[in-house]
Each structure stands twice: as structure tokens, then as C-alpha cells.
Protein chains: 2
Amino acid sequence: MYPEIIKHISQEIDFKASEIEEFISLLSEIHLSKKELLIRPNDSVNYEYFVVSGCLKAYYLDESGERHIIQFAIEDWWISDFEAFFNKEPAKLYIEAIEDSVLLGLHCDALEELFKRIPKFERFFRIKTTNAFVSLRSRILETLQKSSAERYLNFCNKYPNIEKRVTNHHIANYLGIQPESLSRIRKELLLH
Amino acid sequence: MYPEIIKHISQEIDFKASEIEEFISLLSEIHLSKKELLIRPNDSVNYEYFVVSGCLKAYYLDESGERHIIQFAIEDWWISDFEAFFNKEPAKLYIEAIEDSVLLGLHCDALEELFKRIPKFERFFRIKTTNAFVSLRSRILETLQKSSAERYLNFCNKYPNIEKRVTNHHIANYLGIQPESLSRIRKELLLH
């Protein structure tokens with residue numbers, strides 16, 4: 001049952017079978033169809049979600065109705081409106097399925113209980129959160145430091161095969177570059 | 001000894017005196033004069049630093065020599081080139097004292113050992129890292145969502161009394177707004 005998430009947590013920490021069983025018992029399975037919304041602004045956000053299969057985007061709609069993609073998530077990634085989840089504030093983001101997706105939701109209270117009962121999960125989520133924090137700092141630095149072409153290549157590296165699954169328009173929006181510039185970059189890279 | 005950091009860790013977790021003693025024994029005290037560099041690009045970064053007193057900035061110099069301030073730190077904050085620290089990569093940032101400062105450095109190996117011996121520190125740093133991650137996501141969203149004036153007010157709230165300690169030019173750079181716009185905003189706010 002749920003071999004993907006068992007593999008995911010076991011890569012970091014050596015859990016006992018009983019600990020894994022307890023963790024799995026806390027998860028709820030969610031099925032989303034393509035274009036279905038998981039979270040919308042002002043929702044209460046009590047869950048973070050592990051992606052078993054599919055692909056999602058988290059985005060913010062500004063006052064002029066322009067969309068800003070904050071995060072993608074594919075298999076083996078976690079997604080939520082993390083600010084709302086951790087600070088217990090209303091959501092500001094939309095989270096939408098780009099493909100039919102299967103997720104495993106973990107409730108904040110269940111997570112807090114789990115930390116108390118099995119401190120190894122504290123370690124697991126410390127490592128995951130540290131990686132997410134470092135990756136976000138890198139992303140901020142990258143926009144200052146690297147060319148659009150380099151950032152596109154890094155993106156392809158981080159999200160394998162994403163070009164086949166997400167429109168170029170989405171990738172350009174996430175990277176903060178013009179769609180026309182991304183088309184040019186892709187053409188130039190194909191020539192090399 | 002070091003009452004500031006003892007108060008800092010005890011706000012989150014109920015540590016025993018012996019646990020606090022063990023933690024304190026791992027720290028090294030560092031004194032920096034105003035304008036002294038703590039970290040420069042290509043350094044190995046083996047420490048993260050708790051600020052006992054003083055004020056520092058972490059910044060990136062881009063290819064054209066332009067400075068981008070990534071983080072400030074005052075009393076009770078942690079600072080490092082976190083990407084370099086956690087990923088064991090060479091530093092990309094400069095970290096410089098804005099005032100004479102006293103720091104407590106925590107070595108990555110000592111930290112790793114501490115996690116194994118006292119799992120409560122795993123919890124402490126999970127909470128701190130989660131807060132840092134959420135705060136970084138908020139900062140990205142704020143640049144999309146809030147006016148420059150709102151971002152300036154949030155900044156003053158987050159770093160109390162910072163206007164007295166850091167130049168307006170620094171604050172404008174950190175917030176990604178023009179120094180002239182910040183002067184205008186400050187004048188308007190003073191009128192209300």
C-alpha cells in the first residue's frame with residue numbers, strides 16, 4: 001500500500017515497519033481530475049499533500065488578474081499553501097491539477113501527534129523543510145545570477161520530463177521570463 | 001553564560017539544564033567590527049550564526065557589480081550562507097557586519113551530533129527552518145501582492161527599530177524598490 005511514499009520516507013530515515021504503518025494510517029487518498037482545484041484563496045488549509053501521480057501548480061492571482069506560478073509538484077513532491085498550513089491562516093494561493101492526480105493528504109494535527117510519538121519523523125520533516133528552504137533561496141539567487149537559458153536548464157533538471165507535461169507558457173511564467181524568450185531559448189538549445 | 005541564546009531556544013522547547021549546557025558547549029563566540037566580512041564567495045561555510053548583538057547583511061554581487069541584499073540579521077536571528085552550509089557548497093554570498101557584532105557559531109558536524117544525542121534539537125531546528133521557509137514564501141508573495149508602502153511597513157514590523165540601524169538605501173535594496181520611492185513612502189507615512 002502506497003509504495004511511493006514508503007520509498008520516499010525510507011530514503012532519508014531508517015524506519016521500523018510499525019512506524020511506517022502508523023504513518024500510512026494517517027494519510028488520506030485524494031483523486032483530482034485535470035483542472036480541478038485542490039485549494040483556493042480563503043480556504044482553511046489543514047493538509048499538506050504528497051504527489052503519488054500527476055502534476056499540479058500553485059499560483060497567485062494578483063489584483064489585475066495576472067497569474068504568478070509559485071510552485072509545480074510532480075511525483076514524489078509535497079505541495080500545499082504552506083504559509084496557510086503552517087501559520088493557520090486563510091489560503092492565498094490556488095492549487096490546481098495540471099493532470100489527473102493522486103495525492104496523499106497529511107493533516108496538521110496528525111502530523112503534530114506523529115512528531116510527539118515518533119521523533120524520527122521530526123528528523124524527516126526537518127530535512128525536507130531544510131531542502132525546501134535552501135531550494136527557495138537558490139531560486140531567488142538564480143534569478144539574480146543566471147541567464148534565462150541556464151534557469152530553464154536547471155528547471156528541466158529539477159523537474160524531469162516536465163517539458164512534456166507542462167505548457168511552455170506555464171514554465172515561462174514560473175521562471176519569470178517572457179514566453180517568446182523561452183521559445184527562442186528552447187530553439188537555440190535544440191540546435192546545440 | 002549566553003542568556004540570549006538560552007532564552008531563544010527555551011521559547012520553543014522545554015530543555016533540561018544538562019541539555020542546554022551541552023548545546024552551549026558547542027558554540028564559539030565571534031566578534032566582528034563594523035564592515036568586517038564574516039563570509040565571502042568561495043569560502044567553505046561550516047557554521048551557522050546566532051546574533052547575540054549587532055546587525056549584519058547577507059548580499060550577492062552580480063556580474064555587473066550590483067549588490068542585492070538577501071537577508072538582514074539582528075539580535076535573536078540566525079544568519080549564514082545557508083545554501084552553502086546545508087549543501088556543503090562554496091559560498092556565493094558576502095556576509096558583512098553593519099554594526100560591531102557578537103555572534104555564536106554552531107558547526108555543522110556538532111549540530112549533526114547534537115541531533116543524534118538530543119532529538120529535541122531536531123524539533124527546535126525543524127520549527128525554526130519551517131518559519132524561515134514560510135517567511136521566504138511570504139516575501140516572494142508580498143512582492144506580487146503588496147504595495148511598496150505595505151512592504152516597508154511589514155519590514156519595520158519584522159525588524160523592529162531597523163530604520164535607526166540600517167541606511168534607507170539598504171532597506172530599499174532589500175525590498176527591491178528605488179531609494180527615491182522609499183524616501184517618498186517614508187515622508188507620506190510620517191504625515192499620517
# chains A, B, ... in the order shown; residues from 1 in each chain; ligands from 1
call {"tool": "residues_around", "arguments": {"residues": "range 71-74 of chain A", "least_positions_apart": "3", "cutoff": "10 Å", "atoms": "only C-alpha atoms", "output": "short mmCIF file (atom, residue, chain, number, x, y, z; two decimals) with N, CA and C atoms, in the first residue's frame"}}
result
data_model
loop_
_atom_site.label_atom_id
_atom_site.label_comp_id
_atom_site.auth_asym_id
_atom_site.auth_seq_id
_atom_site.Cartn_x
_atom_site.Cartn_y
_atom_site.Cartn_z
N TYR A 49 0.25 17.83 1.05
CA TYR A 49 -0.05 16.74 0.13
C TYR A 49 1.20 16.19 -0.54
N PHE A 50 1.32 14.86 -0.52
CA PHE A 50 2.37 14.17 -1.25
C PHE A 50 1.79 13.71 -2.59
N VAL A 51 2.53 13.94 -3.68
CA VAL A 51 2.02 13.58 -5.01
C VAL A 51 2.43 12.15 -5.35
N VAL A 52 1.46 11.26 -5.45
CA VAL A 52 1.70 9.86 -5.86
C VAL A 52 1.83 9.81 -7.38
N SER A 53 0.90 10.48 -8.06
CA SER A 53 0.99 10.56 -9.52
C SER A 53 0.30 11.83 -9.97
N GLY A 54 0.73 12.33 -11.12
CA GLY A 54 0.11 13.55 -11.66
C GLY A 54 1.02 14.75 -11.54
N CYS A 55 0.43 15.91 -11.70
CA CYS A 55 1.20 17.15 -11.76
C CYS A 55 0.26 18.30 -11.36
N LEU A 56 0.77 19.19 -10.51
CA LEU A 56 -0.06 20.31 -10.03
C LEU A 56 0.72 21.62 -10.08
N LYS A 57 -0.01 22.71 -10.03
CA LYS A 57 0.63 24.03 -9.92
C LYS A 57 -0.01 24.81 -8.77
N ALA A 58 0.82 25.60 -8.07
CA ALA A 58 0.33 26.54 -7.06
C ALA A 58 0.54 27.92 -7.63
N TYR A 59 -0.50 28.75 -7.66
CA TYR A 59 -0.34 30.08 -8.24
C TYR A 59 -1.11 31.13 -7.48
N HIS A 68 0.63 34.20 -11.27
CA HIS A 68 2.06 34.01 -10.97
C HIS A 68 2.23 32.60 -10.40
N TRP A 77 6.88 14.86 -4.80
CA TRP A 77 7.00 16.20 -4.21
C TRP A 77 5.83 16.42 -3.25
N TRP A 78 6.02 17.37 -2.34
CA TRP A 78 4.96 17.81 -1.44
C TRP A 78 4.45 19.16 -1.94
N ILE A 79 3.14 19.39 -1.78
CA ILE A 79 2.57 20.69 -2.15
C ILE A 79 1.49 21.08 -1.15
N SER A 80 1.36 22.36 -0.92
CA SER A 80 0.26 22.93 -0.14
C SER A 80 0.40 24.45 -0.25
N ASP A 81 -0.56 25.19 0.32
CA ASP A 81 -0.29 26.60 0.58
C ASP A 81 0.42 26.58 1.93
N ILE A 95 -4.35 26.02 -5.81
CA ILE A 95 -3.58 24.83 -6.22
C ILE A 95 -4.48 24.01 -7.13
N GLU A 96 -3.97 23.75 -8.32
CA GLU A 96 -4.81 23.17 -9.39
C GLU A 96 -4.07 22.01 -10.04
N ALA A 97 -4.81 20.96 -10.37
CA ALA A 97 -4.22 19.80 -11.06
C ALA A 97 -4.00 20.14 -12.53
N ILE A 98 -2.80 19.92 -13.01
CA ILE A 98 -2.50 20.11 -14.44
C ILE A 98 -2.82 18.81 -15.18
N GLU A 99 -2.69 17.69 -14.46
CA GLU A 99 -3.07 16.37 -15.00
C GLU A 99 -3.98 15.70 -13.95
N SER A 101 -4.58 13.56 -11.01
CA SER A 101 -3.55 13.36 -9.98
C SER A 101 -4.08 12.56 -8.80
N TYR A 159 12.81 19.20 -12.53
CA TYR A 159 11.52 18.54 -12.83
C TYR A 159 11.69 17.70 -14.10
N PRO A 160 12.17 16.47 -13.98
CA PRO A 160 12.49 15.68 -15.18
C PRO A 160 11.26 15.53 -16.08
N ILE A 162 9.50 17.54 -17.56
CA ILE A 162 8.38 18.45 -17.37
C ILE A 162 7.95 19.11 -18.67
N ARG A 165 4.97 17.75 -20.04
CA ARG A 165 3.75 17.70 -19.22
C ARG A 165 3.15 19.08 -18.94
N VAL A 166 3.96 20.11 -19.04
CA VAL A 166 3.50 21.46 -18.69
C VAL A 166 3.71 22.34 -19.92
N HIS A 170 3.39 28.07 -19.06
CA HIS A 170 3.49 27.85 -17.61
C HIS A 170 4.94 27.95 -17.13
N ILE A 171 5.85 27.31 -17.87
CA ILE A 171 7.26 27.31 -17.46
C ILE A 171 7.80 28.74 -17.48
N TYR A 174 6.52 30.62 -14.47
CA TYR A 174 7.22 30.21 -13.24
C TYR A 174 8.62 30.82 -13.18
#
call {"tool": "calpha_fit_and_write", "arguments": {"fixed": "chain A", "moving": "chain B", "output": "PDB file with C-alpha atoms, in the first residue's frame"}}
result
ATOM      1  CA  MET B   1       0.004   0.024   0.074  1.00  0.00           C
ATOM      2  CA  TYR B   2       1.361   3.394  -1.052  1.00  0.00           C
ATOM      3  CA  PRO B   3       4.816   2.090  -2.040  1.00  0.00           C
ATOM      4  CA  GLU B   4       5.742   5.544  -3.438  1.00  0.00           C
ATOM      5  CA  ILE B   5       5.558   7.383  -0.121  1.00  0.00           C
ATOM      6  CA  ILE B   6       7.145   4.467   1.777  1.00  0.00           C
ATOM      7  CA  LYS B   7      10.118   4.650  -0.603  1.00  0.00           C
ATOM      8  CA  HIS B   8      10.136   8.460  -0.242  1.00  0.00           C
ATOM      9  CA  ILE B   9      10.391   8.466   3.569  1.00  0.00           C
ATOM     10  CA  SER B  10      12.725   5.456   3.717  1.00  0.00           C
ATOM     11  CA  GLN B  11      15.289   7.185   1.493  1.00  0.00           C
ATOM     12  CA  GLU B  12      16.063   9.597   4.345  1.00  0.00           C
ATOM     13  CA  ILE B  13      15.450   7.618   7.526  1.00  0.00           C
ATOM     14  CA  ASP B  14      15.573   3.998   8.631  1.00  0.00           C
ATOM     15  CA  PHE B  15      12.023   3.473   9.899  1.00  0.00           C
ATOM     16  CA  LYS B  16      10.681   0.324  11.557  1.00  0.00           C
ATOM     17  CA  ALA B  17       7.751  -1.430   9.843  1.00  0.00           C
ATOM     18  CA  SER B  18       5.444  -0.421  12.719  1.00  0.00           C
ATOM     19  CA  GLU B  19       6.455   3.245  12.364  1.00  0.00           C
ATOM     20  CA  ILE B  20       5.745   3.185   8.641  1.00  0.00           C
ATOM     21  CA  GLU B  21       2.408   1.511   9.319  1.00  0.00           C
ATOM     22  CA  GLU B  22       1.469   4.239  11.789  1.00  0.00           C
ATOM     23  CA  PHE B  23       2.447   6.955   9.315  1.00  0.00           C
ATOM     24  CA  ILE B  24       0.468   5.349   6.477  1.00  0.00           C
ATOM     25  CA  SER B  25      -2.632   5.082   8.690  1.00  0.00           C
ATOM     26  CA  LEU B  26      -2.680   8.905   8.936  1.00  0.00           C
ATOM     27  CA  LEU B  27      -2.867   9.552   5.194  1.00  0.00           C
ATOM     28  CA  SER B  28      -6.012  10.208   3.183  1.00  0.00           C
ATOM     29  CA  GLU B  29      -6.071   9.484  -0.525  1.00  0.00           C
ATOM     30  CA  ILE B  30      -7.367  12.248  -2.810  1.00  0.00           C
ATOM     31  CA  HIS B  31      -8.162  11.976  -6.517  1.00  0.00           C
ATOM     32  CA  LEU B  32      -8.212  15.109  -8.655  1.00  0.00           C
ATOM     33  CA  SER B  33      -9.207  15.447 -12.282  1.00  0.00           C
ATOM     34  CA  LYS B  34      -7.253  17.672 -14.646  1.00  0.00           C
ATOM     35  CA  LYS B  35      -8.071  21.373 -13.969  1.00  0.00           C
ATOM     36  CA  GLU B  36      -9.735  20.555 -10.616  1.00  0.00           C
ATOM     37  CA  LEU B  37      -8.845  22.886  -7.747  1.00  0.00           C
ATOM     38  CA  LEU B  38      -7.406  21.443  -4.523  1.00  0.00           C
ATOM     39  CA  ILE B  39      -7.107  24.773  -2.682  1.00  0.00           C
ATOM     40  CA  ARG B  40      -8.496  28.227  -3.422  1.00  0.00           C
ATOM     41  CA  PRO B  41      -7.982  31.601  -1.666  1.00  0.00           C
ATOM     42  CA  ASN B  42      -9.585  31.919   1.789  1.00  0.00           C
ATOM     43  CA  ASP B  43      -9.794  28.139   2.284  1.00  0.00           C
ATOM     44  CA  SER B  44      -8.602  26.740   5.604  1.00  0.00           C
ATOM     45  CA  VAL B  45      -5.556  24.644   4.809  1.00  0.00           C
ATOM     46  CA  ASN B  46      -5.280  21.675   7.170  1.00  0.00           C
ATOM     47  CA  TYR B  47      -3.361  19.331   4.899  1.00  0.00           C
ATOM     48  CA  GLU B  48      -0.082  19.105   3.088  1.00  0.00           C
ATOM     49  CA  TYR B  49      -0.072  16.731   0.123  1.00  0.00           C
ATOM     50  CA  PHE B  50       2.363  14.174  -1.243  1.00  0.00           C
ATOM     51  CA  VAL B  51       2.011  13.583  -4.996  1.00  0.00           C
ATOM     52  CA  VAL B  52       1.679   9.873  -5.839  1.00  0.00           C
ATOM     53  CA  SER B  53       0.967  10.549  -9.513  1.00  0.00           C
ATOM     54  CA  GLY B  54       0.096  13.527 -11.652  1.00  0.00           C
ATOM     55  CA  CYS B  55       1.173  17.136 -11.780  1.00  0.00           C
ATOM     56  CA  LEU B  56      -0.084  20.301 -10.025  1.00  0.00           C
ATOM     57  CA  LYS B  57       0.626  24.016  -9.924  1.00  0.00           C
ATOM     58  CA  ALA B  58       0.322  26.521  -7.062  1.00  0.00           C
ATOM     59  CA  TYR B  59      -0.339  30.074  -8.247  1.00  0.00           C
ATOM     60  CA  TYR B  60      -1.294  33.513  -7.078  1.00  0.00           C
ATOM     61  CA  LEU B  61      -3.719  35.770  -8.961  1.00  0.00           C
ATOM     62  CA  ASP B  62      -2.782  39.414  -8.487  1.00  0.00           C
ATOM     63  CA  GLU B  63      -5.244  42.327  -8.385  1.00  0.00           C
ATOM     64  CA  SER B  64      -5.062  42.802 -12.128  1.00  0.00           C
ATOM     65  CA  GLY B  65      -5.920  39.119 -12.594  1.00  0.00           C
ATOM     66  CA  GLU B  66      -2.430  38.138 -13.677  1.00  0.00           C
ATOM     67  CA  ARG B  67      -1.301  34.636 -12.680  1.00  0.00           C
ATOM     68  CA  HIS B  68       2.063  33.995 -10.986  1.00  0.00           C
ATOM     69  CA  ILE B  69       3.084  30.340 -10.650  1.00  0.00           C
ATOM     70  CA  ILE B  70       4.846  29.803  -7.320  1.00  0.00           C
ATOM     71  CA  GLN B  71       5.394  26.049  -7.424  1.00  0.00           C
ATOM     72  CA  PHE B  72       4.927  22.932  -9.513  1.00  0.00           C
ATOM     73  CA  ALA B  73       4.652  19.470  -7.992  1.00  0.00           C
ATOM     74  CA  ILE B  74       5.062  16.100  -9.676  1.00  0.00           C
ATOM     75  CA  GLU B  75       5.508  12.566  -8.293  1.00  0.00           C
ATOM     76  CA  ASP B  76       7.461  12.480  -5.029  1.00  0.00           C
ATOM     77  CA  TRP B  77       6.988  16.193  -4.215  1.00  0.00           C
ATOM     78  CA  TRP B  78       4.960  17.810  -1.454  1.00  0.00           C
ATOM     79  CA  ILE B  79       2.569  20.670  -2.158  1.00  0.00           C
ATOM     80  CA  SER B  80       0.257  22.927  -0.158  1.00  0.00           C
ATOM     81  CA  ASP B  81      -0.293  26.593   0.568  1.00  0.00           C
ATOM     82  CA  PHE B  82       2.489  26.166   3.127  1.00  0.00           C
ATOM     83  CA  GLU B  83       2.133  29.650   4.585  1.00  0.00           C
ATOM     84  CA  ALA B  84      -1.549  28.971   5.320  1.00  0.00           C
ATOM     85  CA  PHE B  85      -0.812  25.418   6.513  1.00  0.00           C
ATOM     86  CA  PHE B  86       1.938  26.295   8.988  1.00  0.00           C
ATOM     87  CA  ASN B  87       0.633  29.667  10.165  1.00  0.00           C
ATOM     88  CA  LYS B  88      -3.022  28.557  10.284  1.00  0.00           C
ATOM     89  CA  GLU B  89      -4.033  31.468   8.052  1.00  0.00           C
ATOM     90  CA  PRO B  90      -6.561  31.520   5.184  1.00  0.00           C
ATOM     91  CA  ALA B  91      -5.127  30.400   1.845  1.00  0.00           C
ATOM     92  CA  LYS B  92      -3.812  32.975  -0.618  1.00  0.00           C
ATOM     93  CA  LEU B  93      -2.967  30.542  -3.400  1.00  0.00           C
ATOM     94  CA  TYR B  94      -4.818  28.410  -5.892  1.00  0.00           C
ATOM     95  CA  ILE B  95      -3.602  24.837  -6.219  1.00  0.00           C
ATOM     96  CA  GLU B  96      -4.812  23.168  -9.401  1.00  0.00           C
ATOM     97  CA  ALA B  97      -4.242  19.809 -11.054  1.00  0.00           C
ATOM     98  CA  ILE B  98      -2.502  20.093 -14.443  1.00  0.00           C
ATOM     99  CA  GLU B  99      -3.087  16.352 -15.005  1.00  0.00           C
ATOM    100  CA  ASP B 100      -5.365  13.801 -13.317  1.00  0.00           C
ATOM    101  CA  SER B 101      -3.573  13.346  -9.987  1.00  0.00           C
ATOM    102  CA  VAL B 102      -3.501  11.105  -6.927  1.00  0.00           C
ATOM    103  CA  LEU B 103      -2.378  12.710  -3.665  1.00  0.00           C
ATOM    104  CA  LEU B 104      -1.902  11.631  -0.063  1.00  0.00           C
ATOM    105  CA  GLY B 105      -3.031  14.273   2.428  1.00  0.00           C
ATOM    106  CA  LEU B 106      -1.469  14.609   5.887  1.00  0.00           C
ATOM    107  CA  HIS B 107      -3.483  16.602   8.463  1.00  0.00           C
ATOM    108  CA  CYS B 108      -1.585  19.171  10.577  1.00  0.00           C
ATOM    109  CA  ASP B 109      -2.908  17.755  13.884  1.00  0.00           C
ATOM    110  CA  ALA B 110      -2.016  14.190  12.901  1.00  0.00           C
ATOM    111  CA  LEU B 111       1.463  15.410  11.945  1.00  0.00           C
ATOM    112  CA  GLU B 112       1.914  17.157  15.301  1.00  0.00           C
ATOM    113  CA  GLU B 113       0.869  13.972  17.133  1.00  0.00           C
ATOM    114  CA  LEU B 114       3.229  11.920  14.980  1.00  0.00           C
ATOM    115  CA  PHE B 115       6.179  14.154  15.932  1.00  0.00           C
ATOM    116  CA  LYS B 116       5.445  13.521  19.602  1.00  0.00           C
ATOM    117  CA  ARG B 117       5.106   9.755  19.225  1.00  0.00           C
ATOM    118  CA  ILE B 118       7.914   9.095  16.710  1.00  0.00           C
ATOM    119  CA  PRO B 119      10.659  11.757  16.814  1.00  0.00           C
ATOM    120  CA  LYS B 120      12.281  10.261  13.707  1.00  0.00           C
ATOM    121  CA  PHE B 121       9.526  11.984  11.704  1.00  0.00           C
ATOM    122  CA  GLU B 122      10.683  15.254  13.207  1.00  0.00           C
ATOM    123  CA  ARG B 123      14.042  14.477  11.615  1.00  0.00           C
ATOM    124  CA  PHE B 124      12.455  13.522   8.291  1.00  0.00           C
ATOM    125  CA  PHE B 125      10.456  16.735   8.023  1.00  0.00           C
ATOM    126  CA  ARG B 126      13.382  18.858   9.276  1.00  0.00           C
ATOM    127  CA  ILE B 127      15.476  17.527   6.393  1.00  0.00           C
ATOM    128  CA  LYS B 128      12.653  18.008   3.857  1.00  0.00           C
ATOM    129  CA  THR B 129      11.941  21.556   5.069  1.00  0.00           C
ATOM    130  CA  THR B 130      15.638  22.451   5.046  1.00  0.00           C
ATOM    131  CA  ASN B 131      15.855  21.260   1.431  1.00  0.00           C
ATOM    132  CA  ALA B 132      12.778  23.297   0.505  1.00  0.00           C
ATOM    133  CA  PHE B 133      14.182  26.406   2.244  1.00  0.00           C
ATOM    134  CA  VAL B 134      17.582  26.069   0.558  1.00  0.00           C
ATOM    135  CA  SER B 135      15.951  25.433  -2.797  1.00  0.00           C
ATOM    136  CA  LEU B 136      13.839  28.601  -2.428  1.00  0.00           C
ATOM    137  CA  ARG B 137      16.940  30.671  -1.510  1.00  0.00           C
ATOM    138  CA  SER B 138      18.720  29.231  -4.588  1.00  0.00           C
ATOM    139  CA  ARG B 139      15.759  30.157  -6.771  1.00  0.00           C
ATOM    140  CA  ILE B 140      15.905  33.771  -5.562  1.00  0.00           C
ATOM    141  CA  LEU B 141      19.677  33.874  -6.162  1.00  0.00           C
ATOM    142  CA  GLU B 142      19.333  32.244  -9.577  1.00  0.00           C
ATOM    143  CA  THR B 143      17.097  35.023 -10.844  1.00  0.00           C
ATOM    144  CA  LEU B 144      19.929  37.455  -9.993  1.00  0.00           C
ATOM    145  CA  GLN B 145      22.775  35.277 -11.104  1.00  0.00           C
ATOM    146  CA  LYS B 146      21.908  33.078 -14.026  1.00  0.00           C
ATOM    147  CA  SER B 147      20.756  33.686 -17.603  1.00  0.00           C
ATOM    148  CA  SER B 148      17.240  32.665 -18.633  1.00  0.00           C
ATOM    149  CA  ALA B 149      18.727  29.731 -20.590  1.00  0.00           C
ATOM    150  CA  GLU B 150      20.611  28.472 -17.522  1.00  0.00           C
ATOM    151  CA  ARG B 151      17.494  28.796 -15.390  1.00  0.00           C
ATOM    152  CA  TYR B 152      15.477  26.860 -17.946  1.00  0.00           C
ATOM    153  CA  LEU B 153      18.085  24.066 -17.982  1.00  0.00           C
ATOM    154  CA  ASN B 154      18.131  23.940 -14.163  1.00  0.00           C
ATOM    155  CA  PHE B 155      14.363  23.749 -14.190  1.00  0.00           C
ATOM    156  CA  CYS B 156      14.389  20.798 -16.630  1.00  0.00           C
ATOM    157  CA  ASN B 157      16.925  19.107 -14.388  1.00  0.00           C
ATOM    158  CA  LYS B 158      14.856  19.639 -11.259  1.00  0.00           C
ATOM    159  CA  TYR B 159      11.561  18.537 -12.818  1.00  0.00           C
ATOM    160  CA  PRO B 160      12.532  15.705 -15.172  1.00  0.00           C
ATOM    161  CA  ASN B 161      10.427  15.450 -18.328  1.00  0.00           C
ATOM    162  CA  ILE B 162       8.354  18.428 -17.301  1.00  0.00           C
ATOM    163  CA  GLU B 163       8.510  19.974 -20.787  1.00  0.00           C
ATOM    164  CA  LYS B 164       6.298  17.122 -21.952  1.00  0.00           C
ATOM    165  CA  ARG B 165       3.740  17.700 -19.189  1.00  0.00           C
ATOM    166  CA  VAL B 166       3.497  21.452 -18.681  1.00  0.00           C
ATOM    167  CA  THR B 167       2.955  24.138 -21.324  1.00  0.00           C
ATOM    168  CA  ASN B 168       5.859  26.427 -22.202  1.00  0.00           C
ATOM    169  CA  HIS B 169       3.677  29.298 -21.147  1.00  0.00           C
ATOM    170  CA  HIS B 170       3.508  27.836 -17.600  1.00  0.00           C
ATOM    171  CA  ILE B 171       7.263  27.288 -17.446  1.00  0.00           C
ATOM    172  CA  ALA B 172       7.948  30.844 -18.651  1.00  0.00           C
ATOM    173  CA  ASN B 173       5.534  32.201 -16.018  1.00  0.00           C
ATOM    174  CA  TYR B 174       7.227  30.200 -13.230  1.00  0.00           C
ATOM    175  CA  LEU B 175      10.700  31.327 -14.348  1.00  0.00           C
ATOM    176  CA  GLY B 176       9.582  34.936 -14.715  1.00  0.00           C
ATOM    177  CA  ILE B 177      10.603  35.210 -18.375  1.00  0.00           C
ATOM    178  CA  GLN B 178       8.602  36.143 -21.465  1.00  0.00           C
ATOM    179  CA  PRO B 179       7.045  33.184 -23.365  1.00  0.00           C
ATOM    180  CA  GLU B 180       8.697  34.441 -26.584  1.00  0.00           C
ATOM    181  CA  SER B 181      12.128  34.410 -24.891  1.00  0.00           C
ATOM    182  CA  LEU B 182      11.564  30.836 -23.725  1.00  0.00           C
ATOM    183  CA  SER B 183      10.671  29.724 -27.293  1.00  0.00           C
ATOM    184  CA  ARG B 184      13.901  31.304 -28.542  1.00  0.00           C
ATOM    185  CA  ILE B 185      15.943  29.640 -25.754  1.00  0.00           C
ATOM    186  CA  ARG B 186      14.410  26.221 -26.495  1.00  0.00           C
ATOM    187  CA  LYS B 187      15.186  26.573 -30.200  1.00  0.00           C
ATOM    188  CA  GLU B 188      18.794  27.571 -29.498  1.00  0.00           C
ATOM    189  CA  LEU B 189      19.289  24.672 -27.075  1.00  0.00           C
ATOM    190  CA  LEU B 190      17.916  22.182 -29.607  1.00  0.00           C
ATOM    191  CA  LEU B 191      20.459  23.411 -32.161  1.00  0.00           C
ATOM    192  CA  HIS B 192      23.407  22.587 -29.884  1.00  0.00           C
TER     193      HIS B 192
END
